[in-house]
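Undergrad: The file below is protein-v3.csv, CSV, C-alpha atoms and all ligand atoms:
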chain,number,residue,atom,x,y,z
A,261,MET,CA,0.0,0.0,0.0
A,262,ASN,CA,1.6,3.3,-1.1
A,263,PRO,CA,0.4,6.8,-0.5
A,264,THR,CA,-1.4,8.8,-3.2
A,265,GLN,CA,1.0,11.5,-4.2
A,266,LEU,CA,-0.4,14.8,-5.5
A,267,PHE,CA,1.6,17.7,-6.9
A,268,ASP,CA,1.0,21.5,-7.0
A,269,PRO,CA,3.1,22.9,-9.9
A,270,ALA,CA,3.0,26.5,-8.7
A,271,SER,CA,4.9,25.7,-5.5
A,272,SER,CA,6.3,22.3,-6.4
A,273,THR,CA,4.6,20.9,-3.3
A,274,TYR,CA,3.7,17.3,-2.8
A,275,THR,CA,0.5,16.5,-0.9
A,276,TYR,CA,0.0,12.9,0.3
A,277,LEU,CA,-3.3,11.0,0.7
A,278,LEU,CA,-3.1,7.9,2.9
A,279,PHE,CA,-6.0,5.7,3.6
A,280,ASP,CA,-7.2,2.4,5.0
A,281,GLU,CA,-8.4,0.2,2.2
A,282,GLN,CA,-11.1,-1.4,4.3
A,283,THR,CA,-12.7,1.4,6.2
A,284,ARG,CA,-11.8,4.0,3.6
A,285,GLU,CA,-10.8,6.5,6.3
A,286,ALA,CA,-8.0,8.8,5.2
A,287,LEU,CA,-5.3,11.3,6.3
A,288,ILE,CA,-3.9,14.1,4.1
A,289,ILE,CA,-0.4,15.6,4.6
A,290,ASP,CA,0.3,19.2,3.6
A,291,PRO,CA,-2.7,20.0,1.4
A,292,VAL,CA,-2.4,23.2,-0.7
A,293,ASP,CA,-5.0,25.9,-0.8
A,294,GLU,CA,-5.2,26.2,-4.6
A,295,GLN,CA,-5.7,22.5,-4.9
A,296,LEU,CA,-8.7,22.2,-2.6
A,297,GLN,CA,-11.0,21.1,-5.4
A,298,ARG,CA,-8.5,18.5,-6.7
A,299,ASP,CA,-8.2,17.0,-3.2
A,300,LEU,CA,-12.0,16.9,-2.7
A,301,ASP,CA,-12.3,15.2,-6.1
A,302,ALA,CA,-9.6,12.7,-5.1
A,303,LEU,CA,-11.4,11.9,-1.9
A,304,ALA,CA,-14.8,11.5,-3.7
A,305,HIS,CA,-13.2,9.4,-6.5
A,306,LEU,CA,-11.6,7.0,-4.0
A,307,GLY,CA,-14.7,6.9,-1.8
A,308,LEU,CA,-12.7,8.2,1.2
A,309,THR,CA,-13.8,9.8,4.5
A,310,LEU,CA,-11.1,12.3,5.5
A,311,LYS,CA,-10.3,12.0,9.2
A,312,TRP,CA,-7.2,14.2,9.5
A,313,THR,CA,-5.5,17.0,7.7
A,314,VAL,CA,-2.0,17.4,9.0
A,315,GLU,CA,1.0,19.7,8.4
A,316,THR,CA,4.7,19.0,8.5
A,317,HIS,CA,5.4,22.6,9.4
A,318,ALA,CA,4.1,26.2,8.9
A,319,HIS,CA,5.0,26.6,5.2
A,320,ALA,CA,6.5,29.8,3.8
A,321,ASP,CA,5.9,29.0,0.1
A,322,HIS,CA,2.2,28.0,-0.1
A,323,ILE,CA,-0.9,28.2,2.0
A,324,THR,CA,-2.6,25.2,3.5
A,325,SER,CA,-6.2,24.3,2.8
A,326,ALA,CA,-6.5,22.6,6.2
A,327,ALA,CA,-9.2,24.8,7.6
A,328,ARG,CA,-11.3,24.7,4.5
A,329,LEU,CA,-10.8,20.9,4.0
A,330,ALA,CA,-11.8,20.4,7.7
A,331,GLU,CA,-14.9,22.5,7.3
A,332,LEU,CA,-16.0,20.8,4.1
A,333,THR,CA,-15.2,17.2,5.0
A,334,GLY,CA,-15.5,17.1,8.8
A,335,ALA,CA,-11.8,16.1,9.2
A,336,ARG,CA,-9.8,17.3,12.2
A,337,THR,CA,-6.8,19.5,11.8
A,338,ALA,CA,-3.4,18.7,13.4
A,339,ALA,CA,-0.1,20.6,13.3
A,340,PRO,CA,3.2,20.4,15.0
A,341,ALA,CA,3.1,21.9,18.5
A,342,GLY,CA,6.2,24.0,17.8
A,343,CYS,CA,4.7,25.8,14.8
A,344,ASP,CA,2.3,28.2,16.5
A,345,VAL,CA,-0.7,26.9,14.5
A,346,GLY,CA,-3.2,28.0,17.1
A,347,THR,CA,-6.2,27.0,15.0
A,348,ALA,CA,-5.2,23.3,14.7
A,349,ALA,CA,-7.5,21.1,16.8
A,350,VAL,CA,-4.6,18.8,17.7
A,351,GLN,CA,-1.0,19.9,18.6
A,352,LEU,CA,1.4,17.2,17.6
A,353,ARG,CA,4.4,16.1,19.7
A,354,ASP,CA,7.1,13.6,19.1
A,355,GLY,CA,5.8,10.0,19.3
A,356,ASP,CA,2.1,11.0,18.9
A,357,THR,CA,0.1,8.8,16.6
A,358,LEU,CA,-2.9,9.7,14.4
A,359,ALA,CA,-5.2,6.9,13.5
A,360,PHE,CA,-7.4,6.5,10.4
A,361,GLY,CA,-9.2,3.2,10.3
A,362,ARG,CA,-6.8,0.4,11.1
A,363,GLU,CA,-3.9,2.6,9.9
A,364,ALA,CA,-1.9,5.2,11.8
A,365,VAL,CA,1.1,7.6,11.3
A,366,ARG,CA,3.6,8.4,14.0
A,367,VAL,CA,5.0,11.8,14.6
A,368,LEU,CA,8.8,12.3,14.5
A,369,HIS,CA,9.9,15.8,15.7
A,370,THR,CA,12.7,16.8,13.4
A,371,PRO,CA,13.7,20.5,14.1
A,372,GLY,CA,16.0,22.3,11.7
A,373,HIS,CA,14.1,23.6,8.7
A,374,THR,CA,11.9,25.2,11.3
A,375,ALA,CA,12.0,24.5,15.1
A,376,GLY,CA,8.6,22.8,15.0
A,377,SER,CA,9.1,20.7,11.9
A,378,VAL,CA,8.0,17.1,12.0
A,379,CYS,CA,8.1,14.0,9.8
A,380,PHE,CA,5.4,11.3,9.7
A,381,LEU,CA,6.2,7.6,9.8
A,382,TRP,CA,3.7,5.1,8.3
A,383,ARG,CA,3.7,1.4,8.7
A,384,PRO,CA,0.8,0.1,6.7
A,385,ALA,CA,-1.4,-2.4,8.5
A,386,GLY,CA,-0.1,-5.9,8.3
A,387,GLU,CA,3.5,-4.9,7.6
A,388,ALA,CA,6.4,-5.7,9.8
A,389,ALA,CA,8.2,-2.4,9.7
A,390,GLU,CA,7.6,1.3,9.1
A,391,ARG,CA,8.0,1.6,5.3
A,392,HIS,CA,7.2,5.2,4.5
A,393,VAL,CA,8.5,8.5,5.9
A,394,PHE,CA,7.0,11.8,4.9
A,395,THR,CA,9.8,14.3,5.4
A,396,GLY,CA,8.3,17.7,4.6
A,397,ASP,CA,11.2,20.1,4.1
A,398,THR,CA,13.5,18.3,6.5
A,399,LEU,CA,14.9,15.9,4.0
A,400,LEU,CA,14.4,16.4,0.2
A,401,ILE,CA,15.6,14.1,-2.6
A,402,GLN,CA,19.3,14.9,-3.0
A,403,GLY,CA,18.9,17.9,-0.8
A,404,CYS,CA,17.2,19.3,2.3
A,405,GLY,CA,15.1,22.3,3.4
A,406,ARG,CA,16.8,25.7,4.0
A,407,THR,CA,17.6,26.7,7.6
A,408,ASP,CA,18.1,30.5,7.2
A,409,PHE,CA,14.7,31.8,8.4
A,410,GLN,CA,11.7,30.9,10.5
A,411,SER,CA,13.6,29.5,13.5
A,412,GLY,CA,15.7,27.3,11.3
A,413,SER,CA,19.0,25.8,12.5
A,414,ALA,CA,21.5,24.0,10.3
A,415,GLU,CA,23.0,22.2,13.4
A,416,GLN,CA,19.5,20.9,14.4
A,417,LEU,CA,18.7,19.9,10.8
A,418,TYR,CA,21.9,17.8,10.6
A,419,ASP,CA,21.1,16.1,13.9
A,420,SER,CA,17.5,15.5,12.9
A,421,ILE,CA,18.4,13.9,9.6
A,422,THR,CA,21.4,11.9,10.8
A,423,ARG,CA,20.0,10.8,14.2
A,424,LYS,CA,16.3,10.4,13.5
A,425,LEU,CA,15.9,9.7,9.8
A,426,PHE,CA,19.0,7.9,8.7
A,427,PRO,CA,18.7,5.2,11.4
A,428,LEU,CA,15.4,4.1,9.7
A,429,PRO,CA,15.7,0.9,7.6
A,430,ASP,CA,17.5,1.6,4.3
A,431,THR,CA,14.5,0.5,2.3
A,432,THR,CA,12.2,3.1,4.0
A,433,LEU,CA,10.6,5.1,1.2
A,434,VAL,CA,11.2,8.9,1.5
A,435,TRP,CA,8.3,11.1,0.3
A,436,PRO,CA,9.5,14.7,0.3
A,437,GLY,CA,7.5,17.9,0.7
A,438,HIS,CA,8.8,19.3,-2.5
A,439,ASP,CA,10.8,18.4,-5.6
A,440,TYR,CA,11.8,20.9,-8.2
A,441,HIS,CA,13.2,18.4,-10.7
A,442,GLY,CA,10.3,16.0,-11.2
A,443,ARG,CA,11.5,13.3,-8.9
A,444,THR,CA,8.8,11.7,-6.8
A,445,GLN,CA,10.4,9.4,-4.1
A,446,SER,CA,13.6,8.1,-2.7
A,447,THR,CA,14.8,5.8,0.1
A,448,ILE,CA,16.7,6.3,3.3
A,449,GLY,CA,19.5,4.1,1.9
A,450,ALA,CA,19.9,6.2,-1.2
A,451,GLU,CA,19.9,9.5,0.6
A,452,LYS,CA,22.3,8.3,3.2
A,453,THR,CA,24.8,7.3,0.5
A,454,THR,CA,24.3,9.9,-2.2
A,455,ASN,CA,22.6,13.1,-0.8
A,456,PRO,CA,25.3,15.6,-1.7
A,457,ARG,CA,24.6,17.8,1.4
A,458,LEU,CA,24.9,14.8,3.8
A,459,ALA,CA,26.8,11.8,2.4
A,460,GLY,CA,30.3,11.8,3.9
A,461,ARG,CA,29.9,15.3,5.3
A,462,THR,CA,30.6,16.3,8.9
A,463,ARG,CA,28.2,18.4,10.9
A,464,GLU,CA,30.6,21.4,10.5
A,465,GLN,CA,30.8,21.0,6.7
A,466,PHE,CA,27.0,20.7,6.5
A,467,VAL,CA,26.5,23.9,8.6
A,468,GLN,CA,29.1,25.7,6.4
A,469,THR,CA,27.2,24.7,3.3
A,470,MET,CA,23.8,25.7,4.7
A,471,ASP,CA,25.1,29.1,6.0
A,472,GLY,CA,26.6,29.9,2.5
A,473,LEU,CA,23.5,29.2,0.4
A,474,GLY,CA,22.4,32.8,0.1
A,475,LEU,CA,18.9,31.9,-1.1
A,476,PRO,CA,16.4,34.6,-1.9
A,477,ARG,CA,13.4,35.1,0.5
A,478,PRO,CA,10.4,32.9,-0.5
A,479,ARG,CA,8.1,35.0,-2.6
A,480,ARG,CA,5.0,34.3,-0.6
A,481,MET,CA,6.5,34.2,2.9
A,482,ASP,CA,4.9,37.2,4.4
A,483,GLU,CA,1.5,36.1,3.3
A,484,ALA,CA,1.9,32.3,3.7
A,485,VAL,CA,3.4,31.9,7.2
A,486,PRO,CA,0.7,33.9,9.1
A,487,ALA,CA,-2.1,32.3,7.0
A,488,ASN,CA,-0.7,28.8,7.7
A,489,GLN,CA,-0.5,29.6,11.4
A,490,ARG,CA,-4.3,30.0,11.1
A,491,SER,CA,-4.7,26.7,9.2
A,492,GLY,CA,-5.0,28.6,5.9
A,493,LEU,CA,-7.6,31.2,6.8
A,494,ARG,CA,-6.2,34.4,5.4
A,495,GLN,CA,-5.6,37.5,7.5
A,496,ASP,CA,-7.1,39.7,4.8
A,497,ALA,CA,-10.4,38.0,4.9
A,498,GLY,CA,-12.0,41.2,6.0
A,499,GLY,CA,-11.2,43.0,2.7
A,500,ALA,CA,-13.8,44.5,0.4
A,501,ALA,CA,-14.7,47.0,3.2
A,502,SER,CA,-15.7,49.5,0.6
A,503,GLY,CA,-19.0,47.8,-0.1
A,504,GLU,CA,-17.8,46.8,-3.6
A,505,PRO,CA,-17.7,43.1,-3.9
A,506,ALA,CA,-14.2,41.7,-4.2
A,507,PRO,CA,-13.6,39.5,-7.3
A,508,ALA,CA,-13.8,35.8,-6.7
A,509,GLU,CA,-13.4,32.6,-8.7
A,510,GLY,CA,-16.6,30.6,-9.4
A,511,TYR,CA,-19.1,32.9,-7.8
A,512,ALA,CA,-20.2,36.6,-7.9
A,513,GLY,CA,-17.8,37.9,-5.3
A,514,ASP,CA,-17.0,38.4,-1.6
A,515,ILE,CA,-18.9,41.0,0.4
A,516,THR,CA,-18.6,42.1,4.1
A,517,PRO,CA,-21.4,41.4,6.5
A,518,ARG,CA,-22.2,45.1,6.6
A,519,THR,CA,-22.7,45.2,2.8
A,520,ALA,CA,-24.8,42.0,3.0
A,521,HIS,CA,-27.0,43.7,5.6
A,522,ASP,CA,-27.4,46.9,3.6
A,523,TRP,CA,-28.3,44.9,0.4
A,524,MET,CA,-30.8,42.9,2.4
A,525,GLN,CA,-32.4,46.0,3.9
A,526,ALA,CA,-32.6,47.6,0.5
A,527,GLY,CA,-34.2,44.5,-0.9
A,528,GLN,CA,-31.4,44.2,-3.4
A,529,ALA,CA,-30.4,40.6,-2.6
A,530,VAL,CA,-31.5,37.7,-0.5
A,531,LEU,CA,-29.4,36.5,2.6
A,532,VAL,CA,-29.2,32.7,2.7
A,533,ASP,CA,-28.0,31.1,5.9
A,534,VAL,CA,-26.2,27.9,4.9
A,535,ARG,CA,-25.4,26.7,8.4
A,536,THR,CA,-27.1,23.6,9.8
A,537,ASP,CA,-30.4,23.8,11.7
A,538,ALA,CA,-28.6,22.9,14.9
A,539,GLU,CA,-26.0,25.7,14.5
A,540,ARG,CA,-28.6,28.3,14.0
A,541,GLU,CA,-30.4,27.1,17.1
A,542,TRP,CA,-27.3,26.9,19.3
A,543,VAL,CA,-25.5,30.0,18.1
A,544,GLY,CA,-28.1,32.4,16.8
A,545,PHE,CA,-29.9,33.3,13.7
A,546,VAL,CA,-30.4,36.4,11.4
A,547,PRO,CA,-34.0,37.6,11.2
A,548,GLY,CA,-35.1,37.7,7.6
A,549,ALA,CA,-32.6,35.2,6.2
A,550,GLU,CA,-33.6,32.3,4.1
A,551,THR,CA,-32.1,28.9,5.1
A,552,ALA,CA,-30.5,26.3,2.9
A,553,ALA,CA,-28.1,24.1,4.9
A,554,TRP,CA,-25.0,23.2,2.9
A,555,LYS,CA,-24.4,20.3,5.2
A,556,GLN,CA,-26.6,18.7,7.7
A,557,TRP,CA,-26.2,16.5,10.8
A,558,PRO,CA,-25.8,13.6,11.3
A,559,GLY,CA,-22.3,13.3,10.1
A,560,MET,CA,-22.3,16.7,8.3
A,561,ALA,CA,-23.0,15.1,5.0
A,562,LEU,CA,-23.9,17.3,2.0
A,563,ASN,CA,-27.6,18.2,2.2
A,564,PRO,CA,-29.4,16.7,-0.7
A,565,GLY,CA,-32.0,19.4,-0.4
A,566,PHE,CA,-29.6,22.2,-0.9
A,567,ASP,CA,-30.2,22.8,-4.6
A,568,ALA,CA,-33.9,23.0,-4.2
A,569,ALA,CA,-33.6,25.3,-1.2
A,570,VAL,CA,-31.4,27.9,-3.0
A,571,GLN,CA,-33.6,27.8,-6.1
A,572,THR,CA,-36.5,28.6,-3.8
A,573,ALA,CA,-34.5,31.4,-2.2
A,574,ALA,CA,-33.7,32.9,-5.6
A,575,ARG,CA,-37.3,32.6,-6.9
A,576,ASP,CA,-37.8,36.3,-7.6
A,577,GLY,CA,-34.5,36.6,-9.5
A,578,ARG,CA,-32.6,38.6,-6.8
A,579,PRO,CA,-28.9,37.5,-6.2
A,580,LEU,CA,-28.1,35.4,-3.1
A,581,MET,CA,-25.7,36.2,-0.3
A,582,MET,CA,-24.4,33.1,1.4
A,583,LEU,CA,-23.7,33.2,5.1
A,584,CYS,CA,-22.2,30.4,7.1
A,585,ARG,CA,-20.3,30.1,10.4
A,586,SER,CA,-16.9,31.5,9.3
A,587,GLY,CA,-17.0,32.1,5.6
A,588,VAL,CA,-15.8,28.7,4.3
A,589,ARG,CA,-18.9,26.6,3.6
A,590,SER,CA,-20.5,29.8,2.2
A,591,ILE,CA,-17.8,29.8,-0.6
A,592,ALA,CA,-18.7,26.2,-1.5
A,593,ALA,CA,-22.4,27.1,-1.4
A,594,ALA,CA,-21.9,30.2,-3.5
A,595,ARG,CA,-20.0,28.2,-6.1
A,596,ARG,CA,-22.7,25.5,-6.2
A,597,ALA,CA,-25.5,28.2,-6.6
A,598,THR,CA,-23.4,29.7,-9.4
A,599,ALA,CA,-23.2,26.3,-11.1
A,600,LEU,CA,-27.0,26.1,-10.9
A,601,GLY,CA,-27.2,29.4,-12.8
A,602,LEU,CA,-27.9,31.7,-9.9
A,603,ALA,CA,-26.0,34.9,-8.9
A,604,ALA,CA,-24.4,34.2,-5.5
A,605,TYR,CA,-22.1,36.2,-3.2
A,606,ASN,CA,-20.0,34.9,-0.2
A,607,VAL,CA,-20.3,36.9,3.0
A,608,LEU,CA,-16.8,37.2,4.5
A,609,GLY,CA,-16.2,35.9,8.0
A,610,GLY,CA,-19.7,34.3,8.2
A,611,PHE,CA,-21.8,34.7,11.4
A,612,GLU,CA,-19.1,34.1,14.0
A,613,GLY,CA,-16.0,35.3,12.2
A,614,ASP,CA,-12.5,33.8,12.1
A,615,PRO,CA,-10.9,32.5,15.3
A,616,ASP,CA,-8.5,34.9,17.0
A,617,GLU,CA,-5.1,34.0,18.4
A,618,GLN,CA,-6.8,32.1,21.3
A,619,ALA,CA,-9.0,30.2,18.8
A,620,GLN,CA,-12.0,32.1,20.1
A,621,ARG,CA,-14.6,33.2,17.5
A,622,GLY,CA,-16.7,36.3,17.5
A,623,ARG,CA,-14.0,38.7,18.4
A,624,LYS,CA,-12.5,39.5,14.9
A,625,ASN,CA,-14.9,39.7,12.1
A,626,GLY,CA,-18.2,38.3,10.9
A,627,TRP,CA,-21.8,39.2,11.2
A,628,ARG,CA,-22.2,39.2,15.0
A,629,HIS,CA,-18.9,41.1,15.6
A,630,ALA,CA,-20.1,43.8,13.2
A,631,GLY,CA,-23.0,44.5,15.5
A,632,LEU,CA,-25.6,43.5,12.9
A,633,PRO,CA,-29.0,42.2,14.0
A,634,TRP,CA,-29.3,38.6,15.2
A,635,ARG,CA,-31.3,36.6,17.7
A,636,GLN,CA,-30.7,33.6,19.9
A,637,GLY,CA,-32.7,30.6,18.7
B,1,FE,FE,9.1,24.8,4.3
What is this structure when it is put down as structure tokens?

TA:
Amino acid sequence: MNPTQLFDPASSTYTYLLFDEQTREALIIDPVDEQLQRDLDALAHLGLTLKWTVETHAHADHITSAARLAELTGARTAAPAGCDVGTAAVQLRDGDTLAFGREAVRVLHTPGHTAGSVCFLWRPAGEAAERHVFTGDTLLIQGCGRTDFQSGSAEQLYDSITRKLFPLPDTTLVWPGHDYHGRTQSTIGAEKTTNPRLAGRTREQFVQTMDGLGLPRPRRMDEAVPANQRSGLRQDAGGAASGEPAPAEGYAGDITPRTAHDWMQAGQAVLVDVRTDAEREWVGFVPGAETAAWKQWPGMALNPGFDAAVQTAARDGRPLMMLCRSGVRSIAAARRATALGLAAYNVLGGFEGDPDEQAQRGRKNGWRHAGLPWRQG
């Protein structure tokens, strides 16, 4: 049983999908924001239930889709404890295991590329030894991750690779976080003997090489690191404050809660609450909004009645404005409504807004935070 390897050409990032062949429960490693639909399609195509979306570190070169994947599939998010990803449901420490069906991966803390970086070890069910290691940016094929920013340390990276990865059996398959030359996998044995940065090199030589690389700053670093520390929810999600919809792909655009409220008051557009019945009851509802749950309990499965409900909401031809909890499901709902031939906007931040640094919602953005009318169920 091998992982399914997926590639994002823009950032040369590999994403890995692991699953239990019997229960069809799955775990995804380092999913990329721009590839969300590809990953959802892969899950659907393989008939998988996503249990976990996990990160090897807080990336500087791409943004994770973890939060959106979790919201759309019901998966839980996990990230290394040392990476300050406050929004991750589970903070991973060395030796932790994450189970999906009869399968599990084990966390190996491998500081160096960043202080929190981890690798994941996978021994497929029924096999005698751990056969796969997902190395993120710690060990690359014939290379390794850089150590010159984000709490990186060449000394630590050398120790992590030589003391934690190289002692694995030589036949262990190495699945890297990136490759820029079209290579897909390697083995511990091959890297130990031929990796030019490590084979036959002392710790001092390695540190000298790493210190002398003089690499340019990653293009997306200032955007990507903060976003990844929030599981991929962007800091700029409160944009479009002018009342003009921000352009968006696959739907009419993004609008703030204030704009949505104004358009609703003016009778220009119809507010559609796509949260579940239970969420509206527990958290509160917006008077005057139509309802069309995108997903529904039990199990947060897609609601088969969604299409009919949005068509009803759009019966007089006015555009729709989709509102969910935090502005993630509403994007999926707006895209679906657009595919049905309706005009649909996404309301940024949803009802409760994005979580703040303490993972608390309702303090940053969203409908309630903006002081717009709502009532407790
Ligand atoms: Fe990285």

Undergrad: Between A:Thr333, A:Gln416, A:Gln265, A:Asn563, which residue has the minimum interatomic distance to Val434 in chain A, considering all atoms listed in the file?

TA: A:Gln265

Undergrad: Step by step, measure atom-to-atom distances between ligand FE 1 (chain B) and each residue using all atoms listed in the file, keep those at most 9 Å, then write them as a VMD selection string.

TA: chain A and resid 316 to 322 373 to 374 377 396 to 398 405 to 406 437 to 438

Undergrad: For Arg383 in chain A, find every residue with an atom within 8 Å (counting all atoms listed in the file), except residues of its own chain fewer than 3 positions away, and show them as a PDB file with C-alpha atoms, in the coordinates of the input.

TA:
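Done, and the output landed in part02.pdb:
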ATOM      1  CA  GLU A 363      -3.900   2.600   9.900  1.00  0.00           C
ATOM      2  CA  ALA A 364      -1.900   5.200  11.800  1.00  0.00           C
ATOM      3  CA  VAL A 365       1.100   7.600  11.300  1.00  0.00           C
ATOM      4  CA  GLU A 387       3.500  -4.900   7.600  1.00  0.00           C
ATOM      5  CA  ALA A 388       6.400  -5.700   9.800  1.00  0.00           C
ATOM      6  CA  ALA A 389       8.200  -2.400   9.700  1.00  0.00           C
ATOM      7  CA  GLU A 390       7.600   1.300   9.100  1.00  0.00           C
ATOM      8  CA  ARG A 391       8.000   1.600   5.300  1.00  0.00           C
ATOM      9  CA  HIS A 392       7.200   5.200   4.500  1.00  0.00           C
TER      10      HIS A 392
END

Undergrad: Select, counting all atoms listed in the file, all protein, DNA and RNA residues no farther than 10 Å from (-24.3, 25.6, 11.9) in file coordinates, and express the selection as a list of chain:residue names.

TA: A:Asp533, A:Val534, A:Arg535, A:Thr536, A:Asp537, A:Ala538, A:Glu539, A:Arg540, A:Glu541, A:Trp542, A:Val543, A:Gly544, A:Phe545, A:Ala553, A:Trp554, A:Lys555, A:Gln556, A:Trp557, A:Met560, A:Cys584, A:Arg585, A:Ser586, A:Arg589, A:Phe611

Undergrad: Report, in Å to a single decimal, how far apart CA of Lys311 in chain A and CA of Gly386 in chain A are.

TA: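 CA of Gly386 in chain A sits 20.6 Å away from CA of Lys311 in chain A.
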
Undergrad: In the coordinate frame of the file, compute which residues have an atom within 8 Å of (-4.7, 29.0, 8.5) when using only C-alpha atoms, and state them as a list in words.

TA: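 Looking at atoms near the point gives Ile323, Thr324, Ser325, Ala326, Ala327, Val345, Thr347, Pro486, Ala487, Asn488, Gln489, Arg490, Ser491, Gly492, Leu493 and Arg494 of chain A.
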
Undergrad: With only C-alpha atoms as the basis for distance, which of A:Gln297, A:Phe409, A:Gly622, A:Gln282 is at the shortest distance from Met481 in chain A?

TA: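 Between A:Gln297, A:Phe409, A:Gly622, A:Gln282, the residue approaching Met481 in chain A most closely is A:Phe409.
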
Undergrad: Nearest to Gly334 in chain A among A:Thr309, A:Gln351, A:Thr275, A:Thr454, with distances taken over all atoms listed in the file: which residue is it?

TA: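 Smallest separation from Gly334 in chain A among the options: A:Thr309.
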
Undergrad: In Å to one decimal, how far is CA of Trp312 in chain A from CA of Asn262 in chain A?

TA: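 Value for the CA of Asn262 in chain A-CA of Trp312 in chain A distance: 17.6 Å.
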
Undergrad: Which one is closest to Gln525 in chain A: A:Ala506, A:Arg328, A:Ala549, A:Ala304? Count all atoms listed in the file.

TA: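 Of A:Ala506, A:Arg328, A:Ala549, A:Ala304, the one nearest Gln525 in chain A is A:Ala549, counting all atoms listed in the file.
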
Undergrad: Which residue is closest to Pro291 in chain A? Choose from A:Val367, A:Leu329, A:Met261, A:Val530 and count only C-alpha atoms.

TA: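 Closest candidate: A:Leu329.
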
Undergrad: Could you state the separation of CA of Phe426 in chain A and CA of Ile448 in chain A in Å, given to one decimal place?

TA: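 Between CA of Phe426 in chain A and CA of Ile448 in chain A the gap works out to 6.1 Å.
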
Undergrad: If we count all atoms listed in the file, what is near Phe360 in chain A at a cut-off of 12 Å, once residues fewer than 2 positions away on the same chain are taken out, given as a PDB file with C-alpha atoms, keeping the file's coordinate frame?

TA:
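Result went into selection_27.pdb, see below:
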ATOM      1  CA  LEU A 277      -3.300  11.000   0.700  1.00  0.00           C
ATOM      2  CA  LEU A 278      -3.100   7.900   2.900  1.00  0.00           C
ATOM      3  CA  PHE A 279      -6.000   5.700   3.600  1.00  0.00           C
ATOM      4  CA  ASP A 280      -7.200   2.400   5.000  1.00  0.00           C
ATOM      5  CA  GLU A 281      -8.400   0.200   2.200  1.00  0.00           C
ATOM      6  CA  GLN A 282     -11.100  -1.400   4.300  1.00  0.00           C
ATOM      7  CA  THR A 283     -12.700   1.400   6.200  1.00  0.00           C
ATOM      8  CA  ARG A 284     -11.800   4.000   3.600  1.00  0.00           C
ATOM      9  CA  GLU A 285     -10.800   6.500   6.300  1.00  0.00           C
ATOM     10  CA  ALA A 286      -8.000   8.800   5.200  1.00  0.00           C
ATOM     11  CA  LEU A 287      -5.300  11.300   6.300  1.00  0.00           C
ATOM     12  CA  ILE A 288      -3.900  14.100   4.100  1.00  0.00           C
ATOM     13  CA  LEU A 308     -12.700   8.200   1.200  1.00  0.00           C
ATOM     14  CA  THR A 309     -13.800   9.800   4.500  1.00  0.00           C
ATOM     15  CA  LEU A 310     -11.100  12.300   5.500  1.00  0.00           C
ATOM     16  CA  LYS A 311     -10.300  12.000   9.200  1.00  0.00           C
ATOM     17  CA  TRP A 312      -7.200  14.200   9.500  1.00  0.00           C
ATOM     18  CA  THR A 313      -5.500  17.000   7.700  1.00  0.00           C
ATOM     19  CA  ALA A 335     -11.800  16.100   9.200  1.00  0.00           C
ATOM     20  CA  ARG A 336      -9.800  17.300  12.200  1.00  0.00           C
ATOM     21  CA  THR A 357       0.100   8.800  16.600  1.00  0.00           C
ATOM     22  CA  LEU A 358      -2.900   9.700  14.400  1.00  0.00           C
ATOM     23  CA  ARG A 362      -6.800   0.400  11.100  1.00  0.00           C
ATOM     24  CA  GLU A 363      -3.900   2.600   9.900  1.00  0.00           C
ATOM     25  CA  ALA A 364      -1.900   5.200  11.800  1.00  0.00           C
ATOM     26  CA  VAL A 365       1.100   7.600  11.300  1.00  0.00           C
ATOM     27  CA  ARG A 366       3.600   8.400  14.000  1.00  0.00           C
ATOM     28  CA  TRP A 382       3.700   5.100   8.300  1.00  0.00           C
ATOM     29  CA  PRO A 384       0.800   0.100   6.700  1.00  0.00           C
ATOM     30  CA  ALA A 385      -1.400  -2.400   8.500  1.00  0.00           C
TER      31      ALA A 385
END

Undergrad: Using only C-alpha atoms, which of the listed residues (A:Thr432, A:Leu602, A:Val292, A:Asp471) sits closest to Ala512 in chain A?

TA: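 Distance minimum relative to Ala512 in chain A lands on A:Leu602.
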
Undergrad: Using the partial input, fill out range 426-432 of chain A with N, CA and C atoms; write the result as a compact mmCIF listing (two decimals), in the frame of the given file.

TA:
# COMPACT_ATOMS: atom_id res chain seq x y z
N PHE A 426 18.09 8.88 9.27
CA PHE A 426 19.00 7.90 8.70
C PHE A 426 19.06 6.56 9.45
N PRO A 427 18.76 6.51 10.77
CA PRO A 427 18.70 5.20 11.40
C PRO A 427 17.48 4.34 10.97
N LEU A 428 16.53 4.91 10.24
CA LEU A 428 15.40 4.10 9.70
C LEU A 428 15.97 3.05 8.76
N PRO A 429 15.25 1.94 8.55
CA PRO A 429 15.70 0.90 7.60
C PRO A 429 16.03 1.55 6.23
N ASP A 430 17.11 1.08 5.59
CA ASP A 430 17.50 1.60 4.30
C ASP A 430 16.42 1.59 3.24
N THR A 431 15.53 0.62 3.36
CA THR A 431 14.50 0.50 2.30
C THR A 431 13.29 1.40 2.57
N THR A 432 13.30 2.14 3.68
CA THR A 432 12.20 3.10 4.00
C THR A 432 12.02 4.04 2.81
